[in-house]
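Following: one structure in structure tokens, then a few remarks.
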Amino acid sequence: MTAATDSIVDKVYLRIRDMAIDYEFKPGERLNEVALAKTLGVSRTPLREALNRLSIEGLLRFLPGKGFFCRDLDVQEVFELYELRKALEIAALRLALERADETQIGEAMAFLATTGPEAGERPVSELVALDEAFHERLVAMAGNGEMLRVLRNVHARIRFVRWIDMARGERPASQQEHQQLLQALAERNEAAAVAILERHIGRRLDQITAAIREGYARIYMPVRTQS
């Protein structure tokens with residue numbers, strides 16, 4: 001493919017990726033490729049390339065002979081993704097305890113101070129992005145680019161559930177645990193850091209079930225605005 005074609009595919013990929021993450025398609029919905037190509041103003045070739053990429057990443061499902069489908073909000077899948085996230089971040093944290101320098105830790109603390117513990121007037125999407133940025137910054141301290149790449153994929157696939165968490169007003173408690181985690185990291189206290197991170201990330205199956213039930217309600221029920 002030419003550079004221009006690559007650029008078109010990348011743009012289409014990013015747009016559909018955002019649509020899939022935010023469930024602009026309904027869970028389990030079959031994507032109408034003709035209509036989607038028309039909406040995005042592209043031909044079927046770059047569209048299909050973008051859809052294949054998203055299917056490989058687990059953000060869409062492909063069924064031979066049937067086409068591409070939006071992911072279901074599947075309780076077991078989300079639970080397994082949280083297990084993966086916890087294992088990944090704890091492994092990265094142990095590396096960060098060995099490798100992170102004071103400048104990196106100081107920059108992470110400054111990031112928390114700048115973004116603040118309260119939600120303020122920020123939309124939920126921004127709060128989720130800030131939370132993801134903190135955890136990606138933490139994993140980056142491990143100095144392992146593959147860990148960071150996998151975490152970003154996991155973040156994308158659980159973003160809707162995390163959106164529910166933030167919509168419930170969990171940011172102040174979450175930010176407090178972020179601060180405690182960085183303090184333990186600065187002190188090179190592995191036991192404390194791992195315990196904080198396990199508590200912070202861990203989700204029970206019933207918690208995920210409740211979040212997904214609320215997620216379905218938000219997808220299918222109209223949002224009521226307060227007068």
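Simple scheme: letters A, B, ... for chains in structure tokens order, numbers from 1 for residues in each chain, numbers from 1 for ligands in the order shown.
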Env of A:Val128: 8 Å cut, atoms = only C-alpha atoms, seq-sep filter 4 positions within chain, self excluded. Answer as an NGL selection string. :A and (124 or 132 or 159 or 162-163 or 166)
Preceding selection exported with N, CA, C and O atoms as a compact mmCIF listing (two decimals), in the first residue's frame:
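Output file out.txt follows:
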```
# COMPACT_ATOMS: atom_id res chain seq x y z
N VAL A 124 -16.86 12.51 31.93
CA VAL A 124 -16.41 11.18 32.35
C VAL A 124 -15.34 10.65 31.40
O VAL A 124 -14.37 10.02 31.84
N GLU A 132 -6.35 6.22 32.80
CA GLU A 132 -5.54 5.36 31.93
C GLU A 132 -4.13 5.92 31.81
O GLU A 132 -3.15 5.16 31.82
N ARG A 159 -12.64 -0.16 28.64
CA ARG A 159 -12.90 1.27 28.87
C ARG A 159 -14.35 1.55 29.23
O ARG A 159 -14.62 2.40 30.09
N ARG A 162 -14.89 0.90 32.86
CA ARG A 162 -14.23 1.93 33.67
C ARG A 162 -15.00 3.24 33.60
O ARG A 162 -15.02 4.01 34.55
N TRP A 163 -15.64 3.48 32.45
CA TRP A 163 -16.48 4.67 32.31
C TRP A 163 -17.61 4.61 33.34
O TRP A 163 -17.93 5.62 33.97
N MET A 166 -16.24 5.54 36.81
CA MET A 166 -16.04 6.99 36.97
C MET A 166 -17.37 7.73 37.07
O MET A 166 -17.50 8.71 37.80
```
Any idea what's packed within 12 Å of A:Leu127, counting only C-alpha atoms, ignoring anything in its chain fewer than 6 positions away? Could you give it as number ranges by chain? A: 115-121, 133-134, 159, 162-172, 174-175
DSSP on the backbone, then: every residue of stretch 79-223 of chain A marked helix (DSSP H, G or I), written as a PyMOL selection string. chain A and resi 79-99+102-115+124-140+145-167+171-186+190-201+205-220
Filtering to C-alpha atoms, could you give me those residues as a tab-separated table (two decimals), in the first residue's frame?
```
chain	number	residue	atom	x	y	z
A	79	PHE	CA	-13.39	-10.47	34.32
A	80	GLU	CA	-10.54	-12.20	32.50
A	81	LEU	CA	-9.32	-8.87	31.13
A	82	TYR	CA	-9.22	-7.47	34.67
A	83	GLU	CA	-7.26	-10.54	35.77
A	84	LEU	CA	-4.83	-9.93	32.91
A	85	ARG	CA	-4.56	-6.25	33.77
A	86	LYS	CA	-3.83	-7.00	37.42
A	87	ALA	CA	-1.16	-9.60	36.60
A	88	LEU	CA	0.43	-7.29	34.03
A	89	GLU	CA	0.50	-4.19	36.21
A	90	ILE	CA	1.85	-6.03	39.24
A	91	ALA	CA	4.65	-7.54	37.13
A	92	ALA	CA	5.40	-4.07	35.71
A	93	LEU	CA	5.32	-2.56	39.21
A	94	ARG	CA	7.95	-5.02	40.42
A	95	LEU	CA	10.18	-4.00	37.52
A	96	ALA	CA	9.49	-0.32	38.23
A	97	LEU	CA	10.57	-0.79	41.84
A	98	GLU	CA	13.98	-1.79	40.45
A	99	ARG	CA	14.21	0.52	37.45
A	102	GLU	CA	13.34	9.66	41.12
A	103	THR	CA	12.60	11.92	38.16
A	104	GLN	CA	9.98	9.53	36.78
A	105	ILE	CA	8.32	9.12	40.16
A	106	GLY	CA	8.38	12.87	40.73
A	107	GLU	CA	6.78	13.48	37.34
A	108	ALA	CA	4.01	10.99	38.15
A	109	MET	CA	3.37	12.74	41.48
A	110	ALA	CA	3.24	16.09	39.67
A	111	PHE	CA	0.75	14.60	37.19
A	112	LEU	CA	-1.54	13.61	40.07
A	113	ALA	CA	-1.20	17.04	41.69
A	114	THR	CA	-1.98	18.81	38.42
A	115	THR	CA	-5.03	16.72	37.57
A	124	VAL	CA	-16.41	11.18	32.35
A	125	SER	CA	-14.49	10.42	29.14
A	126	GLU	CA	-11.71	12.78	30.25
A	127	LEU	CA	-11.59	11.27	33.74
A	128	VAL	CA	-11.18	7.80	32.25
A	129	ALA	CA	-8.43	9.08	29.94
A	130	LEU	CA	-6.59	10.61	32.91
A	131	ASP	CA	-6.88	7.38	34.88
A	132	GLU	CA	-5.54	5.36	31.93
A	133	ALA	CA	-2.70	7.87	31.51
A	134	PHE	CA	-1.63	7.37	35.13
A	135	HIS	CA	-1.53	3.58	34.85
A	136	GLU	CA	0.29	3.73	31.52
A	137	ARG	CA	2.82	6.11	33.07
A	138	LEU	CA	3.30	3.62	35.91
A	139	VAL	CA	3.84	0.67	33.54
A	140	ALA	CA	6.20	2.78	31.42
A	145	GLY	CA	7.49	-1.42	25.75
A	146	GLU	CA	5.63	-4.70	25.16
A	147	MET	CA	3.99	-4.50	28.59
A	148	LEU	CA	2.82	-0.99	27.77
A	149	ARG	CA	1.46	-2.09	24.39
A	150	VAL	CA	-0.58	-4.91	25.96
A	151	LEU	CA	-1.90	-2.63	28.70
A	152	ARG	CA	-3.16	-0.13	26.13
A	153	ASN	CA	-5.08	-2.89	24.37
A	154	VAL	CA	-6.60	-4.04	27.68
A	155	HIS	CA	-7.53	-0.45	28.53
A	156	ALA	CA	-9.40	-0.10	25.25
A	157	ARG	CA	-11.32	-3.32	25.81
A	158	ILE	CA	-12.45	-2.49	29.36
A	159	ARG	CA	-12.90	1.27	28.87
A	160	PHE	CA	-16.68	1.14	28.88
A	161	VAL	CA	-16.72	-0.61	32.28
A	162	ARG	CA	-14.23	1.93	33.67
A	163	TRP	CA	-16.48	4.67	32.31
A	164	ILE	CA	-19.24	3.24	34.54
A	165	ASP	CA	-16.88	3.33	37.54
A	166	MET	CA	-16.04	6.99	36.97
A	167	ALA	CA	-19.68	7.90	36.37
A	171	ARG	CA	-12.38	9.35	41.29
A	172	PRO	CA	-11.46	10.75	44.76
A	173	ALA	CA	-10.90	7.27	46.24
A	174	SER	CA	-9.04	6.17	43.12
A	175	GLN	CA	-6.74	9.20	43.21
A	176	GLN	CA	-5.96	8.61	46.88
A	177	GLU	CA	-4.84	5.08	46.08
A	178	HIS	CA	-2.73	6.42	43.20
A	179	GLN	CA	-0.94	8.70	45.65
A	180	GLN	CA	-0.41	5.88	48.16
A	181	LEU	CA	0.96	3.69	45.38
A	182	LEU	CA	3.50	6.29	44.26
A	183	GLN	CA	4.60	6.86	47.86
A	184	ALA	CA	5.23	3.13	48.31
A	185	LEU	CA	7.10	3.10	45.00
A	186	ALA	CA	9.26	6.05	46.08
A	190	GLU	CA	7.33	-3.74	47.37
A	191	ALA	CA	4.91	-5.38	49.80
A	192	ALA	CA	2.95	-2.17	50.34
A	193	ALA	CA	2.99	-1.18	46.66
A	194	VAL	CA	1.74	-4.58	45.47
A	195	ALA	CA	-1.00	-4.69	48.14
A	196	ILE	CA	-2.25	-1.22	47.15
A	197	LEU	CA	-2.24	-2.07	43.45
A	198	GLU	CA	-4.04	-5.39	43.97
A	199	ARG	CA	-6.76	-3.64	45.96
A	200	HIS	CA	-6.96	-0.83	43.43
A	201	ILE	CA	-7.29	-2.96	40.28
A	205	LEU	CA	-17.23	-11.13	39.27
A	206	ASP	CA	-20.33	-9.68	40.94
A	207	GLN	CA	-18.92	-6.15	40.66
A	208	ILE	CA	-18.29	-6.60	36.94
A	209	THR	CA	-21.76	-8.10	36.49
A	210	ALA	CA	-23.33	-5.05	38.15
A	211	ALA	CA	-21.25	-2.65	36.04
A	212	ILE	CA	-22.20	-4.42	32.81
A	213	ARG	CA	-25.88	-4.43	33.78
A	214	GLU	CA	-25.61	-0.67	34.27
A	215	GLY	CA	-23.70	-0.42	30.99
A	216	TYR	CA	-26.50	-2.10	29.06
A	217	ALA	CA	-28.97	0.32	30.62
A	218	ARG	CA	-26.87	3.28	29.50
A	219	ILE	CA	-26.55	1.91	25.95
A	220	TYR	CA	-30.22	1.09	25.44
```
Apply DSSP to the backbone of this structure and, from stretch 3-199 of chain A, keep only the residues in strand (DSSP E); write these as a ChimeraX atom specification. /A:60-63,67-70
Restricting the calculation to only C-alpha atoms: of A:Leu31, A:Met221, A:Ala142, A:Ile8, which residue gets closest to A:Leu63? A:Leu31
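Between atom CA of A:Arg48 and atom CA of A:Asn32 the separation is 11.4 Å.
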Contacts of A:Gly28 within 9 Å, only C-alpha atoms, excl. fewer than 3 positions in-chain, as a list of chain:residue names: A:Phe25, A:Arg61, A:Phe69, A:Cys70, A:Arg71, A:Asp72, A:Leu73
Distance table requested - stretch 40-113 of chain A against stretch 13-20 of chain A, cut-off 10 Å, only C-alpha atoms: one row per qualifying residue with the closest atom pair and its distance in Å to one decimal, ordered by chain and rising residue number, as a tab-separated table.
```
residue	atom	partner	partner_atom	distance
A:Leu40	CA	A:Arg15	CA	8.6
A:Pro46	CA	A:Tyr13	CA	8.7
A:Leu47	CA	A:Tyr13	CA	7.7
A:Arg48	CA	A:Tyr13	CA	9.5
A:Glu49	CA	A:Tyr13	CA	8.2
A:Ala50	CA	A:Tyr13	CA	4.6
A:Leu51	CA	A:Tyr13	CA	7.1
A:Asn52	CA	A:Tyr13	CA	9.4
A:Arg53	CA	A:Tyr13	CA	7.6
A:Leu54	CA	A:Arg17	CA	6.9
A:Glu57	CA	A:Arg17	CA	10.0
A:Leu59	CA	A:Ala20	CA	6.5
A:Leu60	CA	A:Ala20	CA	7.2
A:Phe69	CA	A:Ala20	CA	9.7
A:Cys70	CA	A:Ala20	CA	6.6
A:Arg71	CA	A:Ala20	CA	7.8
```
Mind writing the picked residues with N, CA, C and O atoms as a PDB file, in the first residue's frame?
```
ATOM      1  N   LEU A  40     -18.279   7.177   6.556  1.00  0.00           N
ATOM      2  CA  LEU A  40     -16.905   7.627   6.750  1.00  0.00           C
ATOM      3  C   LEU A  40     -16.291   8.214   5.482  1.00  0.00           C
ATOM      4  O   LEU A  40     -15.184   8.765   5.523  1.00  0.00           O
ATOM      5  N   PRO A  46      -9.979   0.268   2.322  1.00  0.00           N
ATOM      6  CA  PRO A  46      -9.402   0.711   3.602  1.00  0.00           C
ATOM      7  C   PRO A  46     -10.303   0.382   4.789  1.00  0.00           C
ATOM      8  O   PRO A  46      -9.811   0.144   5.895  1.00  0.00           O
ATOM      9  N   LEU A  47     -11.625   0.376   4.559  1.00  0.00           N
ATOM     10  CA  LEU A  47     -12.544   0.026   5.638  1.00  0.00           C
ATOM     11  C   LEU A  47     -12.295  -1.411   6.094  1.00  0.00           C
ATOM     12  O   LEU A  47     -12.182  -1.680   7.293  1.00  0.00           O
ATOM     13  N   ARG A  48     -12.195  -2.328   5.136  1.00  0.00           N
ATOM     14  CA  ARG A  48     -11.983  -3.735   5.482  1.00  0.00           C
ATOM     15  C   ARG A  48     -10.642  -3.935   6.190  1.00  0.00           C
ATOM     16  O   ARG A  48     -10.536  -4.730   7.124  1.00  0.00           O
ATOM     17  N   GLU A  49      -9.609  -3.203   5.748  1.00  0.00           N
ATOM     18  CA  GLU A  49      -8.298  -3.296   6.410  1.00  0.00           C
ATOM     19  C   GLU A  49      -8.404  -2.850   7.870  1.00  0.00           C
ATOM     20  O   GLU A  49      -7.855  -3.497   8.771  1.00  0.00           O
ATOM     21  N   ALA A  50      -9.116  -1.755   8.110  1.00  0.00           N
ATOM     22  CA  ALA A  50      -9.292  -1.250   9.476  1.00  0.00           C
ATOM     23  C   ALA A  50     -10.095  -2.232  10.321  1.00  0.00           C
ATOM     24  O   ALA A  50      -9.763  -2.496  11.490  1.00  0.00           O
ATOM     25  N   LEU A  51     -11.140  -2.800   9.739  1.00  0.00           N
ATOM     26  CA  LEU A  51     -11.978  -3.751  10.472  1.00  0.00           C
ATOM     27  C   LEU A  51     -11.197  -5.013  10.834  1.00  0.00           C
ATOM     28  O   LEU A  51     -11.335  -5.539  11.945  1.00  0.00           O
ATOM     29  N   ASN A  52     -10.378  -5.495   9.910  1.00  0.00           N
ATOM     30  CA  ASN A  52      -9.547  -6.667  10.201  1.00  0.00           C
ATOM     31  C   ASN A  52      -8.588  -6.390  11.350  1.00  0.00           C
ATOM     32  O   ASN A  52      -8.377  -7.245  12.223  1.00  0.00           O
ATOM     33  N   ARG A  53      -8.014  -5.199  11.349  1.00  0.00           N
ATOM     34  CA  ARG A  53      -7.073  -4.839  12.426  1.00  0.00           C
ATOM     35  C   ARG A  53      -7.787  -4.821  13.778  1.00  0.00           C
ATOM     36  O   ARG A  53      -7.273  -5.325  14.785  1.00  0.00           O
ATOM     37  N   LEU A  54      -8.980  -4.257  13.813  1.00  0.00           N
ATOM     38  CA  LEU A  54      -9.745  -4.177  15.053  1.00  0.00           C
ATOM     39  C   LEU A  54     -10.204  -5.553  15.521  1.00  0.00           C
ATOM     40  O   LEU A  54     -10.296  -5.809  16.726  1.00  0.00           O
ATOM     41  N   GLU A  57      -7.322  -7.193  17.262  1.00  0.00           N
ATOM     42  CA  GLU A  57      -7.108  -6.590  18.582  1.00  0.00           C
ATOM     43  C   GLU A  57      -8.212  -6.931  19.574  1.00  0.00           C
ATOM     44  O   GLU A  57      -8.127  -6.570  20.750  1.00  0.00           O
ATOM     45  N   LEU A  59     -11.346  -5.866  19.459  1.00  0.00           N
ATOM     46  CA  LEU A  59     -12.328  -4.790  19.617  1.00  0.00           C
ATOM     47  C   LEU A  59     -13.559  -4.993  18.746  1.00  0.00           C
ATOM     48  O   LEU A  59     -14.580  -4.336  18.939  1.00  0.00           O
ATOM     49  N   LEU A  60     -13.465  -5.896  17.775  1.00  0.00           N
ATOM     50  CA  LEU A  60     -14.602  -6.342  16.985  1.00  0.00           C
ATOM     51  C   LEU A  60     -14.499  -7.864  16.873  1.00  0.00           C
ATOM     52  O   LEU A  60     -13.434  -8.439  17.115  1.00  0.00           O
ATOM     53  N   PHE A  69     -18.805  -7.897  13.764  1.00  0.00           N
ATOM     54  CA  PHE A  69     -19.817  -7.619  14.779  1.00  0.00           C
ATOM     55  C   PHE A  69     -19.196  -6.823  15.932  1.00  0.00           C
ATOM     56  O   PHE A  69     -18.016  -6.991  16.253  1.00  0.00           O
ATOM     57  N   CYS A  70     -20.022  -5.987  16.542  1.00  0.00           N
ATOM     58  CA  CYS A  70     -19.598  -5.308  17.771  1.00  0.00           C
ATOM     59  C   CYS A  70     -19.444  -6.344  18.875  1.00  0.00           C
ATOM     60  O   CYS A  70     -20.173  -7.339  18.922  1.00  0.00           O
ATOM     61  N   ARG A  71     -18.501  -6.133  19.756  1.00  0.00           N
ATOM     62  CA  ARG A  71     -18.330  -7.030  20.901  1.00  0.00           C
ATOM     63  C   ARG A  71     -19.568  -7.017  21.792  1.00  0.00           C
ATOM     64  O   ARG A  71     -20.217  -5.992  21.956  1.00  0.00           O
TER      65      ARG A  71
END
```
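Between atom CA of A:Arg30 and atom CA of A:Phe68 the separation is 5.9 Å.
Here atom CA of A:Phe62 is placed at a distance of 23.4 Å from atom CA of A:Ser7.
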